[in-house]
>>> print(open('run-v2.cif').read())   # mmCIF, C-alpha atoms
data_data
#
loop_
_atom_site.group_PDB
_atom_site.id
_atom_site.type_symbol
_atom_site.label_atom_id
_atom_site.label_comp_id
_atom_site.auth_asym_id
_atom_site.auth_seq_id
_atom_site.Cartn_x
_atom_site.Cartn_y
_atom_site.Cartn_z
ATOM 1 C CA MET A 334 -4.172 -5.121 -10.317
ATOM 2 C CA ALA A 335 -1.803 -2.866 -8.364
ATOM 3 C CA ARG A 336 -0.669 -4.126 -4.979
ATOM 4 C CA TYR A 337 2.104 -3.718 -2.432
ATOM 5 C CA THR A 338 4.897 -6.215 -3.167
ATOM 6 C CA GLU A 339 7.665 -5.271 -0.737
ATOM 7 C CA ALA A 340 8.386 -6.603 2.776
ATOM 8 C CA VAL A 341 5.293 -6.355 4.965
ATOM 9 C CA CYS A 342 6.754 -6.988 8.433
ATOM 10 C CA LYS A 343 8.314 -3.535 8.452
ATOM 11 C CA LEU A 344 4.852 -2.031 7.953
ATOM 12 C CA CYS A 345 3.734 -3.470 11.299
ATOM 13 C CA ARG A 346 6.895 -2.136 12.940
ATOM 14 C CA ARG A 347 6.303 1.292 11.441
ATOM 15 C CA GLU A 348 2.754 1.444 12.796
ATOM 16 C CA GLY A 349 3.736 0.039 16.182
ATOM 17 C CA GLN A 350 1.233 -2.822 16.259
ATOM 18 C CA LYS A 351 0.464 -6.106 14.553
ATOM 19 C CA LEU A 352 -1.464 -5.666 11.311
ATOM 20 C CA PHE A 353 -1.525 -9.444 10.671
ATOM 21 C CA LEU A 354 -0.077 -9.142 7.179
ATOM 22 C CA LYS A 355 2.082 -12.285 7.242
ATOM 23 C CA GLY A 356 -0.408 -15.000 8.143
ATOM 24 C CA GLU A 357 0.820 -17.667 10.578
ATOM 25 C CA ARG A 358 4.110 -15.827 11.188
ATOM 26 C CA CYS A 359 2.174 -13.051 12.972
ATOM 27 C CA TYR A 360 1.083 -15.514 15.658
ATOM 28 C CA ALA A 361 4.539 -17.045 16.151
ATOM 29 C CA ASP A 362 7.649 -15.944 18.028
ATOM 30 C CA LYS A 363 9.209 -14.976 14.694
ATOM 31 C CA CYS A 364 6.866 -12.000 14.373
ATOM 32 C CA ALA A 365 9.050 -8.978 13.616
ATOM 33 C CA ILE A 366 7.243 -6.577 15.930
ATOM 34 C CA SER A 367 7.645 -9.000 18.838
ATOM 35 C CA ARG A 368 11.391 -9.117 18.267
ATOM 36 C CA ARG A 369 11.980 -5.475 17.266
ATOM 37 C CA ALA A 370 9.185 -3.287 18.566
ATOM 38 C CA TYR A 371 10.420 -0.084 16.979
ATOM 39 C CA ALA A 372 10.143 1.553 13.590
ATOM 40 C CA PRO A 373 12.429 0.297 10.808
ATOM 41 C CA GLY A 374 15.304 2.309 9.423
ATOM 42 C CA GLN A 375 18.376 4.048 10.770
ATOM 43 C CA HIS A 376 16.404 6.371 13.054
ATOM 44 C CA GLY A 377 13.706 3.898 14.023
ATOM 45 C CA GLN A 378 14.650 3.877 17.713
ATOM 46 C CA GLY A 379 14.856 7.643 17.999
ATOM 47 C CA ARG A 380 12.251 9.532 19.995
ATOM 48 C CA LYS A 381 10.352 11.978 17.889
ATOM 49 C CA LYS A 382 7.280 13.927 18.913
ATOM 50 C CA ALA A 383 4.555 13.498 16.306
ATOM 51 C CA SER A 384 2.814 16.574 14.948
ATOM 52 C CA GLU A 385 -0.947 16.770 14.511
ATOM 53 C CA TYR A 386 -0.521 16.001 10.820
ATOM 54 C CA GLY A 387 1.847 13.154 11.670
ATOM 55 C CA MET A 388 -0.744 11.475 13.926
ATOM 56 C CA GLN A 389 -3.423 11.876 11.273
ATOM 57 C CA LEU A 390 -1.148 10.400 8.612
ATOM 58 C CA ARG A 391 -0.198 7.440 10.805
ATOM 59 C CA ALA A 392 -3.880 6.681 11.494
ATOM 60 C CA LYS A 393 -4.633 6.706 7.773
ATOM 61 C CA GLN A 394 -1.602 4.623 6.830
ATOM 62 C CA MET A 395 -2.256 2.077 9.577
ATOM 63 C CA THR A 396 -5.862 1.558 8.476
ATOM 64 C CA ARG A 397 -4.977 1.395 4.800
ATOM 65 C CA ARG A 398 -2.256 -1.181 5.404
ATOM 66 C CA PHE A 399 -4.413 -3.218 7.783
ATOM 67 C CA TYR A 400 -6.948 -3.827 5.008
ATOM 68 C CA GLY A 401 -4.393 -3.952 2.202
ATOM 69 C CA VAL A 402 -5.820 -1.217 -0.024
ATOM 70 C CA LEU A 403 -3.952 1.413 -2.000
ATOM 71 C CA GLU A 404 -4.296 5.163 -1.558
ATOM 72 C CA GLY A 405 -6.754 5.735 -4.407
ATOM 73 C CA GLN A 406 -9.028 2.940 -3.206
ATOM 74 C CA PHE A 407 -8.865 4.171 0.360
ATOM 75 C CA TYR A 408 -9.856 7.712 -0.558
ATOM 76 C CA HIS A 409 -12.753 6.343 -2.618
ATOM 77 C CA TYR A 410 -14.037 4.525 0.481
ATOM 78 C CA TYR A 411 -13.690 7.766 2.454
ATOM 79 C CA GLU A 412 -15.795 9.631 -0.104
ATOM 80 C CA MET A 413 -18.442 6.902 0.103
ATOM 81 C CA ALA A 414 -18.372 7.082 3.912
ATOM 82 C CA THR A 415 -19.048 10.826 3.950
ATOM 83 C CA THR A 416 -22.258 10.383 1.949
ATOM 84 C CA MET A 417 -23.677 7.731 4.310
ATOM 85 C CA PRO A 418 -25.739 8.426 7.467
ATOM 86 C CA GLY A 419 -23.762 8.362 10.699
ATOM 87 C CA LYS A 420 -20.137 9.101 11.526
ATOM 88 C CA ALA A 421 -17.818 9.173 8.525
ATOM 89 C CA GLY A 422 -15.007 7.437 10.436
ATOM 90 C CA ASP A 423 -17.206 4.545 11.534
ATOM 91 C CA ASN A 424 -18.673 4.251 8.041
ATOM 92 C CA LEU A 425 -15.181 4.063 6.548
ATOM 93 C CA LEU A 426 -14.137 1.127 8.724
ATOM 94 C CA ILE A 427 -17.442 -0.668 8.155
ATOM 95 C CA LEU A 428 -17.049 -0.353 4.379
ATOM 96 C CA LEU A 429 -13.555 -1.829 4.594
ATOM 97 C CA GLU A 430 -14.827 -4.699 6.774
ATOM 98 C CA ARG A 431 -17.440 -5.527 4.140
ATOM 99 C CA ARG A 432 -14.860 -6.192 1.421
ATOM 100 C CA LEU A 433 -15.041 -9.774 0.201
ATOM 101 C CA ASP A 434 -11.351 -10.443 0.845
ATOM 102 C CA ASN A 435 -11.771 -9.257 4.432
ATOM 103 C CA VAL A 436 -14.880 -11.411 4.912
ATOM 104 C CA VAL A 437 -12.955 -14.441 3.641
ATOM 105 C CA TYR A 438 -10.160 -13.680 6.100
ATOM 106 C CA ARG A 439 -12.582 -13.126 8.989
ATOM 107 C CA CYS A 440 -14.193 -16.505 8.276
ATOM 108 C CA GLY A 441 -10.819 -18.223 8.763
ATOM 109 C CA TRP A 442 -10.546 -19.286 5.123
ATOM 110 C CA ALA A 443 -7.189 -17.547 4.644
ATOM 111 C CA SER A 444 -4.245 -16.871 6.934
ATOM 112 C CA SER A 445 -3.965 -13.212 5.873
ATOM 113 C CA ARG A 446 -5.921 -10.662 3.874
ATOM 114 C CA ALA A 447 -3.304 -10.842 1.132
ATOM 115 C CA GLU A 448 -3.873 -14.582 0.820
ATOM 116 C CA ALA A 449 -7.641 -14.031 0.913
ATOM 117 C CA ARG A 450 -7.346 -11.501 -1.912
ATOM 118 C CA GLN A 451 -5.390 -13.971 -4.031
ATOM 119 C CA LEU A 452 -7.904 -16.756 -3.422
ATOM 120 C CA VAL A 453 -10.805 -14.480 -4.355
ATOM 121 C CA VAL A 454 -9.097 -13.397 -7.578
ATOM 122 C CA HIS A 455 -8.569 -17.058 -8.478
ATOM 123 C CA GLY A 456 -12.310 -17.629 -8.271
ATOM 124 C CA HIS A 457 -12.574 -19.932 -5.254
ATOM 125 C CA PHE A 458 -15.639 -18.261 -3.705
ATOM 126 C CA THR A 459 -19.289 -17.653 -4.452
ATOM 127 C CA VAL A 460 -21.732 -15.060 -3.165
ATOM 128 C CA ASN A 461 -25.323 -16.291 -3.116
ATOM 129 C CA GLY A 462 -24.275 -19.161 -5.376
ATOM 130 C CA LYS A 463 -22.565 -17.017 -8.030
ATOM 131 C CA LYS A 464 -18.788 -16.846 -8.482
ATOM 132 C CA VAL A 465 -17.303 -13.513 -7.459
ATOM 133 C CA ASP A 466 -13.622 -12.853 -8.136
ATOM 134 C CA ILE A 467 -13.491 -9.182 -7.115
ATOM 135 C CA PRO A 468 -11.766 -8.667 -3.730
ATOM 136 C CA SER A 469 -13.350 -5.230 -3.279
ATOM 137 C CA TYR A 470 -16.900 -6.566 -3.651
ATOM 138 C CA LEU A 471 -18.929 -5.163 -0.736
ATOM 139 C CA CYS A 472 -20.933 -7.891 0.963
ATOM 140 C CA LYS A 473 -24.448 -7.042 2.122
ATOM 141 C CA PRO A 474 -26.563 -8.335 5.013
ATOM 142 C CA GLY A 475 -28.375 -11.501 3.995
ATOM 143 C CA GLU A 476 -25.734 -12.598 1.488
ATOM 144 C CA THR A 477 -23.994 -15.960 1.828
ATOM 145 C CA VAL A 478 -20.320 -16.385 0.968
ATOM 146 C CA ALA A 479 -19.126 -19.943 0.331
ATOM 147 C CA ILE A 480 -16.080 -21.854 -0.823
ATOM 148 C CA LYS A 481 -16.704 -23.578 -4.148
ATOM 149 C CA ASP A 482 -17.200 -27.332 -3.809
ATOM 150 C CA LYS A 483 -14.243 -28.126 -6.066
ATOM 151 C CA SER A 484 -11.958 -25.783 -4.140
ATOM 152 C CA ARG A 485 -12.913 -27.324 -0.786
ATOM 153 C CA GLN A 486 -11.432 -30.644 -1.887
ATOM 154 C CA SER A 487 -7.997 -29.214 -2.646
ATOM 155 C CA ASP A 488 -5.075 -29.819 -0.281
ATOM 156 C CA LYS A 489 -4.516 -26.049 -0.168
ATOM 157 C CA PHE A 490 -7.910 -25.314 1.364
ATOM 158 C CA LYS A 491 -7.816 -28.294 3.674
ATOM 159 C CA ALA A 492 -4.509 -27.045 5.102
ATOM 160 C CA VAL A 493 -5.722 -23.438 5.409
ATOM 161 C CA LEU A 494 -8.986 -24.417 7.086
ATOM 162 C CA GLU A 495 -7.164 -26.635 9.562
ATOM 163 C CA ALA A 496 -4.579 -23.962 10.377
ATOM 164 C CA ASN A 497 -7.195 -21.280 11.036
ATOM 165 C CA SER A 498 -9.936 -23.396 12.615
ATOM 166 C CA ALA A 499 -9.287 -21.977 16.090
ATOM 167 C CA ARG A 500 -9.613 -18.341 15.017
ATOM 168 C CA PRO A 501 -13.028 -17.027 16.123
ATOM 169 C CA ALA A 502 -15.297 -15.389 13.569
ATOM 170 C CA PRO A 503 -16.871 -11.996 14.323
ATOM 171 C CA LYS A 504 -20.426 -12.011 15.603
ATOM 172 C CA TRP A 505 -21.793 -10.317 12.462
ATOM 173 C CA LEU A 506 -20.861 -13.415 10.441
ATOM 174 C CA ASP A 507 -22.665 -16.734 10.891
ATOM 175 C CA VAL A 508 -19.998 -19.235 9.815
ATOM 176 C CA ASP A 509 -21.037 -22.789 8.980
ATOM 177 C CA ALA A 510 -17.700 -24.602 9.049
ATOM 178 C CA ALA A 511 -19.180 -27.962 8.047
ATOM 179 C CA ASN A 512 -20.566 -26.582 4.784
ATOM 180 C CA ALA A 513 -17.775 -24.006 4.270
ATOM 181 C CA GLN A 514 -20.151 -21.082 4.031
ATOM 182 C CA ALA A 515 -20.927 -17.941 5.988
ATOM 183 C CA LYS A 516 -23.916 -15.642 6.058
ATOM 184 C CA MET A 517 -23.597 -11.952 6.807
ATOM 185 C CA ASP A 518 -26.406 -11.442 9.301
ATOM 186 C CA VAL A 519 -25.986 -7.712 9.943
ATOM 187 C CA LEU A 520 -23.578 -4.923 9.168
ATOM 188 C CA PRO A 521 -20.535 -4.833 11.443
ATOM 189 C CA THR A 522 -20.324 -2.033 13.981
ATOM 190 C CA ARG A 523 -17.281 -0.090 15.149
ATOM 191 C CA GLU A 524 -17.211 -2.195 18.325
ATOM 192 C CA ASP A 525 -16.809 -5.337 16.190
ATOM 193 C CA ILE A 526 -13.633 -4.086 14.506
ATOM 194 C CA ASP A 527 -10.383 -4.955 16.265
ATOM 195 C CA LEU A 528 -8.231 -2.217 14.760
ATOM 196 C CA GLU A 529 -6.793 0.100 17.409
ATOM 197 C CA VAL A 530 -7.001 3.377 15.520
ATOM 198 C CA ASP A 531 -8.669 6.727 16.079
ATOM 199 C CA GLU A 532 -10.688 6.982 12.874
ATOM 200 C CA THR A 533 -11.568 10.618 13.545
ATOM 201 C CA LEU A 534 -7.945 11.472 12.732
ATOM 202 C CA ILE A 535 -8.461 10.092 9.215
ATOM 203 C CA VAL A 536 -11.546 12.255 8.753
ATOM 204 C CA GLU A 537 -9.626 15.295 9.970
ATOM 205 C CA LEU A 538 -6.782 14.544 7.537
ATOM 206 C CA TYR A 539 -9.034 14.322 4.500
ATOM 207 C CA SER A 540 -11.219 17.246 5.604
ATOM 208 C CA LYS A 541 -8.389 19.774 5.287
#
>>> encode(input="run-v2.cif", output="structure tokens")
Amino acid sequence: MARYTEAVCKLCRREGQKLFLKGERCYADKCAISRRAYAPGQHGQGRKKASEYGMQLRAKQMTRRFYGVLEGQFYHYYEMATTMPGKAGDNLLILLERRLDNVVYRCGWASSRAEARQLVVHGHFTVNGKKVDIPSYLCKPGETVAIKDKSRQSDKFKAVLEANSARPAPKWLDVDAANAQAKMDVLPTREDIDLEVDETLIVELYSK
């Protein structure tokens, strides 16, 4: 499975906002963007007026990095979004929110989406009682995601659950912390997604 393996803090600096790629570090004073709020590289502090294409590219890159998907996967979600009723930009973000690794992260069962992806691949979760180890699995309304009983007893999960217990879950997920399960009541809406991006720029980029 292809994935980004280089330093992730510089990705937040490049996009100019926290993408929460480093887990607990993103909430601490050590967060790179809190200490150096400018783009990485030799010319990171230079002022450069972005072109129309540049703004569209930054919107696409920011969204792709926020959810931790590669270019081919991202474009596939865009193609799916254009065939669905409603606005293509909203549909794109909703599809990305429905990914199993994102749902696991939103439930507070991982400190980052990268960690959530790893835990899913290792088979620690079930959907409607059946093990699912595909991070890109799209959860549907009415489905219940749960941590496997054996996994819940591990020191790893106990530590993760304790560390992320204070993080609120989105309203489209009904999280039962006591039983380590969550039900997706409805599809998320654009208002539920905390990514500060103009998704219409992504649609404009791919529509050329």
>>> residues_around(input="run-v2.cif", residues="A:Glu476", least_positions_apart="6", cutoff="7 Å", atoms="all atoms listed in the file", output="tab-separated table (two decimals) with C-alpha atoms, keeping the file's coordinate frame")
chain	number	residue	atom	x	y	z
A	460	VAL	CA	-21.73	-15.06	-3.16
A	461	ASN	CA	-25.32	-16.29	-3.12
A	516	LYS	CA	-23.92	-15.64	6.06
A	517	MET	CA	-23.60	-11.95	6.81
>>> residues_around(input="run-v2.cif", residues="A:Gly462", least_positions_apart="2", cutoff="12 Å", atoms="all atoms listed in the file", output="NGL selection string")
:A and (457-460 or 464-465 or 476-482 or 514-516)
>>> closest_residue(input="run-v2.cif", among="A:Arg485, A:Lys463, A:Arg450, A:Lys420", to="A:Val436", atoms="all atoms listed in the file")
A:Arg450
>>> atom_distance(input="run-v2.cif", atom1="atom CA of A:Ile467", atom2="atom CA of A:Ile535")
25.8 Å
>>> residues_around(input="run-v2.cif", residues="A:Thr415", least_positions_apart="2", cutoff="12 Å", atoms="all atoms listed in the file", output="number ranges by chain")
A: 408-413, 417-426, 428, 535-536, 539-540
>>> write_last_selection(input="run-v2.cif", atoms="C-alpha atoms", output="PDB file, in the coordinates of the input")
ATOM      1  CA  TYR A 408      -9.856   7.712  -0.558  1.00  0.00           C
ATOM      2  CA  HIS A 409     -12.753   6.343  -2.618  1.00  0.00           C
ATOM      3  CA  TYR A 410     -14.037   4.525   0.481  1.00  0.00           C
ATOM      4  CA  TYR A 411     -13.690   7.766   2.454  1.00  0.00           C
ATOM      5  CA  GLU A 412     -15.795   9.631  -0.104  1.00  0.00           C
ATOM      6  CA  MET A 413     -18.442   6.902   0.103  1.00  0.00           C
ATOM      7  CA  MET A 417     -23.677   7.731   4.310  1.00  0.00           C
ATOM      8  CA  PRO A 418     -25.739   8.426   7.467  1.00  0.00           C
ATOM      9  CA  GLY A 419     -23.762   8.362  10.699  1.00  0.00           C
ATOM     10  CA  LYS A 420     -20.137   9.101  11.526  1.00  0.00           C
ATOM     11  CA  ALA A 421     -17.818   9.173   8.525  1.00  0.00           C
ATOM     12  CA  GLY A 422     -15.007   7.437  10.436  1.00  0.00           C
ATOM     13  CA  ASP A 423     -17.206   4.545  11.534  1.00  0.00           C
ATOM     14  CA  ASN A 424     -18.673   4.251   8.041  1.00  0.00           C
ATOM     15  CA  LEU A 425     -15.181   4.063   6.548  1.00  0.00           C
ATOM     16  CA  LEU A 426     -14.137   1.127   8.724  1.00  0.00           C
ATOM     17  CA  LEU A 428     -17.049  -0.353   4.379  1.00  0.00           C
ATOM     18  CA  ILE A 535      -8.461  10.092   9.215  1.00  0.00           C
ATOM     19  CA  VAL A 536     -11.546  12.255   8.753  1.00  0.00           C
ATOM     20  CA  TYR A 539      -9.034  14.322   4.500  1.00  0.00           C
ATOM     21  CA  SER A 540     -11.219  17.246   5.604  1.00  0.00           C
TER      22      SER A 540
END
>>> atom_distance(input="run-v2.cif", atom1="atom CA of A:Gln389", atom2="atom CA of A:Glu537")
7.2 Å
>>> atom_distance(input="run-v2.cif", atom1="atom CA of A:Leu494", atom2="atom CA of A:Ser444")
8.9 Å
>>> resolve_selection(input="run-v2.cif", expression="the PyMOL selection byres ((chain A and resi 402) around 12)", output="PyMOL selection string")
chain A and resi 334-337+393-401+403-410+429-430+432+434-435+446-447+450+468-469
>>> write_last_selection(input="run-v2.cif", atoms="C-alpha atoms", output="PDB file, in the coordinates of the input")
ATOM      1  CA  MET A 334      -4.172  -5.121 -10.317  1.00  0.00           C
ATOM      2  CA  ALA A 335      -1.803  -2.866  -8.364  1.00  0.00           C
ATOM      3  CA  ARG A 336      -0.669  -4.126  -4.979  1.00  0.00           C
ATOM      4  CA  TYR A 337       2.104  -3.718  -2.432  1.00  0.00           C
ATOM      5  CA  LYS A 393      -4.633   6.706   7.773  1.00  0.00           C
ATOM      6  CA  GLN A 394      -1.602   4.623   6.830  1.00  0.00           C
ATOM      7  CA  MET A 395      -2.256   2.077   9.577  1.00  0.00           C
ATOM      8  CA  THR A 396      -5.862   1.558   8.476  1.00  0.00           C
ATOM      9  CA  ARG A 397      -4.977   1.395   4.800  1.00  0.00           C
ATOM     10  CA  ARG A 398      -2.256  -1.181   5.404  1.00  0.00           C
ATOM     11  CA  PHE A 399      -4.413  -3.218   7.783  1.00  0.00           C
ATOM     12  CA  TYR A 400      -6.948  -3.827   5.008  1.00  0.00           C
ATOM     13  CA  GLY A 401      -4.393  -3.952   2.202  1.00  0.00           C
ATOM     14  CA  LEU A 403      -3.952   1.413  -2.000  1.00  0.00           C
ATOM     15  CA  GLU A 404      -4.296   5.163  -1.558  1.00  0.00           C
ATOM     16  CA  GLY A 405      -6.754   5.735  -4.407  1.00  0.00           C
ATOM     17  CA  GLN A 406      -9.028   2.940  -3.206  1.00  0.00           C
ATOM     18  CA  PHE A 407      -8.865   4.171   0.360  1.00  0.00           C
ATOM     19  CA  TYR A 408      -9.856   7.712  -0.558  1.00  0.00           C
ATOM     20  CA  HIS A 409     -12.753   6.343  -2.618  1.00  0.00           C
ATOM     21  CA  TYR A 410     -14.037   4.525   0.481  1.00  0.00           C
ATOM     22  CA  LEU A 429     -13.555  -1.829   4.594  1.00  0.00           C
ATOM     23  CA  GLU A 430     -14.827  -4.699   6.774  1.00  0.00           C
ATOM     24  CA  ARG A 432     -14.860  -6.192   1.421  1.00  0.00           C
ATOM     25  CA  ASP A 434     -11.351 -10.443   0.845  1.00  0.00           C
ATOM     26  CA  ASN A 435     -11.771  -9.257   4.432  1.00  0.00           C
ATOM     27  CA  ARG A 446      -5.921 -10.662   3.874  1.00  0.00           C
ATOM     28  CA  ALA A 447      -3.304 -10.842   1.132  1.00  0.00           C
ATOM     29  CA  ARG A 450      -7.346 -11.501  -1.912  1.00  0.00           C
ATOM     30  CA  PRO A 468     -11.766  -8.667  -3.730  1.00  0.00           C
ATOM     31  CA  SER A 469     -13.350  -5.230  -3.279  1.00  0.00           C
TER      32      SER A 469
END
>>> closest_residue(input="run-v2.cif", among="A:Asp525, A:Asp466, A:Asp509, A:Glu532", to="A:Cys440", atoms="only C-alpha atoms")
A:Asp509
>>> residues_near_point(input="run-v2.cif", point="(-23.3, -7.6, 12.3)", cutoff="10 Å", atoms="only C-alpha atoms", output="PyMOL selection string")
chain A and resi 427+474+503-507+517-522+525
>>> closest_residue(input="run-v2.cif", among="A:Ala502, A:Ala511, A:Ala392, A:Cys472", to="A:Arg431", atoms="all atoms listed in the file")
A:Cys472
